[in-house]
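Chemist: Contents of my_file-v7.pdb (PDB, C-alpha atoms and all ligand atoms):
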```pdb
MODEL        1
ATOM      1  CA  MET A   1     -15.014  -2.251   6.697  1.00  0.00           C
ATOM      2  CA  ASN A   2     -16.261  -5.353   4.997  1.00  0.00           C
ATOM      3  CA  VAL A   3     -13.353  -7.112   3.316  1.00  0.00           C
ATOM      4  CA  ASP A   4     -13.675 -10.058   0.984  1.00  0.00           C
ATOM      5  CA  MET A   5     -10.562 -11.850   2.197  1.00  0.00           C
ATOM      6  CA  THR A   6     -10.786 -14.643  -0.338  1.00  0.00           C
ATOM      7  CA  LYS A   7     -10.961 -12.346  -3.343  1.00  0.00           C
ATOM      8  CA  THR A   8      -8.329 -10.026  -1.952  1.00  0.00           C
ATOM      9  CA  LYS A   9      -5.922 -12.889  -1.302  1.00  0.00           C
ATOM     10  CA  GLU A  10      -6.561 -14.343  -4.739  1.00  0.00           C
ATOM     11  CA  TYR A  11      -5.910 -10.977  -6.329  1.00  0.00           C
ATOM     12  CA  TYR A  12      -2.523 -10.586  -4.612  1.00  0.00           C
ATOM     13  CA  ALA A  13      -1.531 -14.181  -5.247  1.00  0.00           C
ATOM     14  CA  ALA A  14      -2.205 -13.659  -8.957  1.00  0.00           C
ATOM     15  CA  ILE A  15       0.117 -10.657  -9.241  1.00  0.00           C
ATOM     16  CA  ASP A  16       3.442 -11.788 -10.570  1.00  0.00           C
ATOM     17  CA  ASN A  17       6.490  -9.803  -9.457  1.00  0.00           C
ATOM     18  CA  SER A  18       7.297  -9.121 -13.102  1.00  0.00           C
ATOM     19  CA  GLU A  19       4.035  -7.124 -13.379  1.00  0.00           C
ATOM     20  CA  LEU A  20       5.065  -4.705 -10.639  1.00  0.00           C
ATOM     21  CA  CYS A  21       6.560  -1.309 -11.363  1.00  0.00           C
ATOM     22  CA  ASP A  22      10.291  -1.581 -11.926  1.00  0.00           C
ATOM     23  CA  CYS A  23      11.331   1.990 -11.142  1.00  0.00           C
ATOM     24  CA  SER A  24      14.000   2.378  -8.459  1.00  0.00           C
ATOM     25  CA  TYR A  25      11.573   4.008  -5.992  1.00  0.00           C
ATOM     26  CA  CYS A  26       9.137   1.108  -6.209  1.00  0.00           C
ATOM     27  CA  ARG A  27      11.910  -1.468  -6.007  1.00  0.00           C
ATOM     28  CA  ASN A  28      13.268   0.352  -2.946  1.00  0.00           C
ATOM     29  CA  TYR A  29       9.802   0.192  -1.390  1.00  0.00           C
ATOM     30  CA  ARG A  30       9.329  -3.525  -2.034  1.00  0.00           C
ATOM     31  CA  LEU A  31      12.791  -4.309  -0.723  1.00  0.00           C
ATOM     32  CA  GLN A  32      12.382  -2.651   2.676  1.00  0.00           C
ATOM     33  CA  ILE A  33       8.757  -2.010   3.496  1.00  0.00           C
ATOM     34  CA  LYS A  34       8.033  -5.289   5.238  1.00  0.00           C
ATOM     35  CA  SER A  35      11.052  -5.228   7.545  1.00  0.00           C
ATOM     36  CA  ALA A  36      10.828  -1.467   8.187  1.00  0.00           C
ATOM     37  CA  TYR A  37       7.089  -1.495   8.995  1.00  0.00           C
ATOM     38  CA  PRO A  38       6.291  -4.980  10.324  1.00  0.00           C
ATOM     39  CA  GLU A  39       3.124  -3.877  12.130  1.00  0.00           C
ATOM     40  CA  VAL A  40       1.774  -2.238   8.985  1.00  0.00           C
ATOM     41  CA  ALA A  41       2.565  -5.409   7.034  1.00  0.00           C
ATOM     42  CA  GLU A  42       0.719  -7.444   9.648  1.00  0.00           C
ATOM     43  CA  TYR A  43      -2.341  -5.198   9.531  1.00  0.00           C
ATOM     44  CA  LEU A  44      -2.467  -5.344   5.732  1.00  0.00           C
ATOM     45  CA  ALA A  45      -2.019  -9.119   5.842  1.00  0.00           C
ATOM     46  CA  SER A  46      -5.055  -9.298   8.138  1.00  0.00           C
ATOM     47  CA  LEU A  47      -7.030  -7.785   5.237  1.00  0.00           C
ATOM     48  CA  GLY A  48      -5.515 -10.205   2.749  1.00  0.00           C
ATOM     49  CA  VAL A  49      -3.223  -7.518   1.317  1.00  0.00           C
ATOM     50  CA  HIS A  50       0.386  -8.210   0.340  1.00  0.00           C
ATOM     51  CA  ILE A  51       2.450  -5.217   1.466  1.00  0.00           C
ATOM     52  CA  GLN A  52       5.065  -5.735  -1.244  1.00  0.00           C
ATOM     53  CA  LYS A  53       2.491  -5.426  -4.012  1.00  0.00           C
ATOM     54  CA  PRO A  54       1.193  -1.852  -3.834  1.00  0.00           C
ATOM     55  CA  PHE A  55      -1.160  -0.591  -6.498  1.00  0.00           C
ATOM     56  CA  GLU A  56       0.528   2.788  -6.520  1.00  0.00           C
ATOM     57  CA  THR A  57       3.157   4.642  -4.493  1.00  0.00           C
ATOM     58  CA  SER A  58       3.879   8.356  -4.470  1.00  0.00           C
ATOM     59  CA  PRO A  59       7.545   8.909  -3.616  1.00  0.00           C
ATOM     60  CA  LEU A  60       9.013  12.338  -2.991  1.00  0.00           C
ATOM     61  CA  GLU A  61      12.639  13.131  -3.834  1.00  0.00           C
ATOM     62  CA  PRO A  62      15.266  11.568  -1.507  1.00  0.00           C
ATOM     63  CA  ASP A  63      16.489  14.108   1.058  1.00  0.00           C
ATOM     64  CA  GLU A  64      20.141  15.021   1.811  1.00  0.00           C
ATOM     65  CA  ASN A  65      20.377  12.101   4.285  1.00  0.00           C
ATOM     66  CA  GLY A  66      19.334   9.598   1.673  1.00  0.00           C
ATOM     67  CA  MET A  67      15.887   9.117   3.166  1.00  0.00           C
ATOM     68  CA  LEU A  68      12.991   8.702   0.835  1.00  0.00           C
ATOM     69  CA  GLU A  69       9.449   9.565   1.864  1.00  0.00           C
ATOM     70  CA  TYR A  70       6.406   8.057   0.221  1.00  0.00           C
ATOM     71  CA  CYS A  71       3.488  10.400   0.786  1.00  0.00           C
ATOM     72  CA  GLY A  72       0.930   7.832  -0.295  1.00  0.00           C
ATOM     73  CA  CYS A  73       0.986   4.059  -0.754  1.00  0.00           C
ATOM     74  CA  GLN A  74      -2.167   2.572  -2.202  1.00  0.00           C
ATOM     75  CA  TYR A  75      -3.531  -0.957  -2.069  1.00  0.00           C
ATOM     76  CA  ILE A  76      -6.523  -2.578  -3.688  1.00  0.00           C
ATOM     77  CA  VAL A  77      -8.906  -4.368  -1.333  1.00  0.00           C
ATOM     78  CA  PHE A  78     -12.019  -6.303  -2.378  1.00  0.00           C
ATOM     79  CA  GLY A  79     -15.221  -5.572  -0.506  1.00  0.00           C
ATOM     80  CA  ASN A  80     -16.426  -2.202   0.744  1.00  0.00           C
ATOM     81  CA  CYS A  81     -15.478   0.331   3.355  1.00  0.00           C
ATOM     82  CA  GLU A  82     -17.110   3.335   4.954  1.00  0.00           C
ATOM     83  CA  PRO A  83     -15.625   6.615   3.636  1.00  0.00           C
ATOM     84  CA  GLU A  84     -14.814   7.821   7.161  1.00  0.00           C
ATOM     85  CA  TYR A  85     -12.617   4.793   7.882  1.00  0.00           C
ATOM     86  CA  HIS A  86      -9.410   5.771   9.638  1.00  0.00           C
ATOM     87  CA  HIS A  87      -6.689   3.720  11.223  1.00  0.00           C
ATOM     88  CA  ARG A  88      -3.314   4.523  12.677  1.00  0.00           C
ATOM     89  CA  ILE A  89      -0.226   2.453  13.474  1.00  0.00           C
ATOM     90  CA  GLY A  90       2.546   4.566  15.010  1.00  0.00           C
ATOM     91  CA  ASP A  91       3.154   7.443  12.598  1.00  0.00           C
ATOM     92  CA  VAL A  92       1.371   5.760   9.722  1.00  0.00           C
ATOM     93  CA  GLU A  93      -2.189   6.771   8.900  1.00  0.00           C
ATOM     94  CA  PHE A  94      -4.636   4.728   6.878  1.00  0.00           C
ATOM     95  CA  ARG A  95      -7.612   6.069   4.963  1.00  0.00           C
ATOM     96  CA  ILE A  96      -9.709   5.423   1.906  1.00  0.00           C
ATOM     97  CA  ALA A  97      -8.024   6.820  -1.190  1.00  0.00           C
ATOM     98  CA  THR A  98     -10.096   9.185  -3.280  1.00  0.00           C
ATOM     99  CA  SER A  99      -7.574   9.875  -6.020  1.00  0.00           C
ATOM    100  CA  TYR A 100      -5.947   7.015  -7.924  1.00  0.00           C
ATOM    101  CA  PRO A 101      -5.560   5.659 -11.453  1.00  0.00           C
ATOM    102  CA  SER A 102      -8.333   3.475 -12.823  1.00  0.00           C
ATOM    103  CA  THR A 103      -8.079   0.007 -11.285  1.00  0.00           C
ATOM    104  CA  GLY A 104      -9.862  -1.691 -14.180  1.00  0.00           C
ATOM    105  CA  ILE A 105     -11.602  -3.953 -11.645  1.00  0.00           C
ATOM    106  CA  GLU A 106     -15.323  -4.561 -12.046  1.00  0.00           C
ATOM    107  CA  GLN A 107     -15.986  -6.318  -8.759  1.00  0.00           C
ATOM    108  CA  GLU A 108     -16.684  -4.348  -5.604  1.00  0.00           C
ATOM    109  CA  HIS A 109     -13.424  -3.006  -4.243  1.00  0.00           C
ATOM    110  CA  PHE A 110     -11.824   0.045  -2.692  1.00  0.00           C
ATOM    111  CA  VAL A 111      -8.359   1.543  -2.494  1.00  0.00           C
ATOM    112  CA  LEU A 112      -6.690   1.793   0.884  1.00  0.00           C
ATOM    113  CA  GLU A 113      -4.042   4.453   1.281  1.00  0.00           C
ATOM    114  CA  LEU A 114      -1.352   4.695   3.933  1.00  0.00           C
ATOM    115  CA  PHE A 115       1.133   7.472   4.619  1.00  0.00           C
ATOM    116  CA  PRO A 116       3.747   8.601   5.298  1.00  0.00           C
ATOM    117  CA  VAL A 117       6.340   5.901   4.847  1.00  0.00           C
ATOM    118  CA  ARG A 118      10.038   6.767   5.222  1.00  0.00           C
ATOM    119  CA  LEU A 119      12.727   4.435   3.953  1.00  0.00           C
ATOM    120  CA  LYS A 120      16.402   4.702   3.251  1.00  0.00           C
ATOM    121  CA  PHE A 121      17.004   5.029  -0.466  1.00  0.00           C
ATOM    122  CA  VAL A 122      19.423   2.226  -1.299  1.00  0.00           C
TER     123      VAL A 122
HETATM  124 ZN    ZN B 201       7.442   2.794  -9.680  1.00  0.00          ZN
ENDMDL
END
```
Could you take the file, read its structure, and then write that structure out as structure tokens?
Ligand SMILES: [Zn+2]
Modeler:
Amino acid sequence: MNVDMTKTKEYYAAIDNSELCDCSYCRNYRLQIKSAYPEVAEYLASLGVHIQKPFETSPLEPDENGMLEYCGCQYIVFGNCEPEYHHRIGDVEFRIATSYPSTGIEQEHFVLELFPVRLKFV
């Protein structure tokens, strides 16, 4: 993995909270992800990625215990990465996303995907 930290940090710094998805699942994610998965947040931060500013999340329906699983959380990273990249922190797996909406970014970048994430739906 060859991350352009400067560009990645600039990208996340430029995202205003008002530009982020306002649906209840995304708000739930932003509210809890950092405290629920501190080691994941730390790893992403080491790449210049802001954990509370995902590009895309894929939430499932909350279960009967009020737990909500996100089966994919995607982040934009500037630079390049080998397709076989794989990382794991506890139960959370990281890989290169192959399916995601158009990022509209012209500079070299890739989309990092992590899963699964389980949070209480509040
Ligand atoms: Zn959303």
Chemist: With the cut-off set at 8 Å and counting all atoms listed in the file, tabulate each residue of chain A with an atom at most that distance from an atom of ligand ZN 201 (chain B), showing the nearest atom pair and its distance in Å to one decimal, ordered by chain and increasing number, as a tab-separated table.
Modeler:
```
residue	atom	partner	partner_atom	distance
A:Leu20	CA	B:ZN201	ZN	7.9
A:Cys21	CA	B:ZN201	ZN	4.5
A:Asp22	CA	B:ZN201	ZN	5.7
A:Cys23	CA	B:ZN201	ZN	4.2
A:Ser24	CA	B:ZN201	ZN	6.7
A:Tyr25	CA	B:ZN201	ZN	5.7
A:Cys26	CA	B:ZN201	ZN	4.2
A:Arg27	CA	B:ZN201	ZN	7.2
A:Glu56	CA	B:ZN201	ZN	7.6
A:Thr57	CA	B:ZN201	ZN	7.0
```
Chemist: The PyMOL selection byres (((chain A and resi 49) around 10) and not hetatm) - which residues does that actually catch in the file I just gave you? List them as a PDB file with C-alpha atoms, keeping the file's coordinate frame.
Modeler:
```pdb
ATOM      1  CA  MET A   5     -10.562 -11.850   2.197  1.00  0.00           C
ATOM      2  CA  THR A   8      -8.329 -10.026  -1.952  1.00  0.00           C
ATOM      3  CA  LYS A   9      -5.922 -12.889  -1.302  1.00  0.00           C
ATOM      4  CA  GLU A  10      -6.561 -14.343  -4.739  1.00  0.00           C
ATOM      5  CA  TYR A  11      -5.910 -10.977  -6.329  1.00  0.00           C
ATOM      6  CA  TYR A  12      -2.523 -10.586  -4.612  1.00  0.00           C
ATOM      7  CA  ALA A  13      -1.531 -14.181  -5.247  1.00  0.00           C
ATOM      8  CA  ALA A  41       2.565  -5.409   7.034  1.00  0.00           C
ATOM      9  CA  GLU A  42       0.719  -7.444   9.648  1.00  0.00           C
ATOM     10  CA  TYR A  43      -2.341  -5.198   9.531  1.00  0.00           C
ATOM     11  CA  LEU A  44      -2.467  -5.344   5.732  1.00  0.00           C
ATOM     12  CA  ALA A  45      -2.019  -9.119   5.842  1.00  0.00           C
ATOM     13  CA  SER A  46      -5.055  -9.298   8.138  1.00  0.00           C
ATOM     14  CA  LEU A  47      -7.030  -7.785   5.237  1.00  0.00           C
ATOM     15  CA  GLY A  48      -5.515 -10.205   2.749  1.00  0.00           C
ATOM     16  CA  HIS A  50       0.386  -8.210   0.340  1.00  0.00           C
ATOM     17  CA  ILE A  51       2.450  -5.217   1.466  1.00  0.00           C
ATOM     18  CA  GLN A  52       5.065  -5.735  -1.244  1.00  0.00           C
ATOM     19  CA  LYS A  53       2.491  -5.426  -4.012  1.00  0.00           C
ATOM     20  CA  PRO A  54       1.193  -1.852  -3.834  1.00  0.00           C
ATOM     21  CA  TYR A  75      -3.531  -0.957  -2.069  1.00  0.00           C
ATOM     22  CA  ILE A  76      -6.523  -2.578  -3.688  1.00  0.00           C
ATOM     23  CA  VAL A  77      -8.906  -4.368  -1.333  1.00  0.00           C
ATOM     24  CA  PHE A  78     -12.019  -6.303  -2.378  1.00  0.00           C
ATOM     25  CA  LEU A 112      -6.690   1.793   0.884  1.00  0.00           C
TER      26      LEU A 112
END
```
Chemist: Using only C-alpha atoms, which residues sit within 10 Å of Lys120 (chain A) once same-chain residues fewer than 4 positions away are excluded, as JSON, numbers by chain?
Modeler: {"A": [28, 29, 32, 36, 62, 63, 65, 66, 67, 68, 69]}
Chemist: Let me make sure I understand: among A:Asn2, A:Thr103, A:Asn17, A:Asn80, which one has the smallest atom-to-atom distance to Phe55 (chain A) if we use all atoms listed in the file?
Modeler: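 Closest to Phe55 (chain A), using all atoms listed in the file: A:Thr103.
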Chemist: If you measure from CA of Tyr70 (chain A) to CA of Ile15 (chain A), what distance in Å do you get, rounded to one decimal?
Modeler: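 Separating CA of Tyr70 (chain A) from CA of Ile15 (chain A) is a distance of 21.9 Å.
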Chemist: Distance CA of Ile33 (chain A)-CA of Leu119 (chain A), one decimal place?
Modeler: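 Answer for the CA of Ile33 (chain A) to CA of Leu119 (chain A) separation: 7.6 Å.
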Chemist: Apply the PyMOL selection byres (((chain A and resi 86) around 12) and not hetatm) to the file shown and report the selected residues as a ChimeraX atom specification.
Modeler: /A:1,81-85,87-89,92-97,112-115
Chemist: To box region 15-29 of chain A, take all atoms listed in the file, fit an axis-aligned box, add 8 Å on each side, and give centre and edge lengths in Å to one decimal, as JSON.
Modeler:
```
{"center_x": 7.1, "center_y": -3.9, "center_z": -7.4, "size_x": 29.9, "size_y": 31.8, "size_z": 28.0}
```
Chemist: One decimal, in Å: what's the spacing between CA of His109 (chain A) and CA of Ala14 (chain A)?
Modeler: 16.2 Å
Chemist: Between A:Val117, A:Lys34, A:Val111, A:Glu19, which residue has the minimum interatomic distance to Cys71 (chain A), considering only C-alpha atoms?
Modeler: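 Looking only at the distances to Cys71 (chain A), the closest residue turns out to be A:Val117.
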Chemist: Could you tell me which of A:Glu61, A:Gln74, A:Lys7, A:Asp91 comes closest to Glu39 (chain A) if we count only C-alpha atoms?
Modeler: A:Asp91
Chemist: Measuring between all atoms listed in the file, which one of A:Thr6, A:Phe121, A:Gly79, A:Gly72 shows the shortest distance to Tyr100 (chain A)?
Modeler: A:Gly72
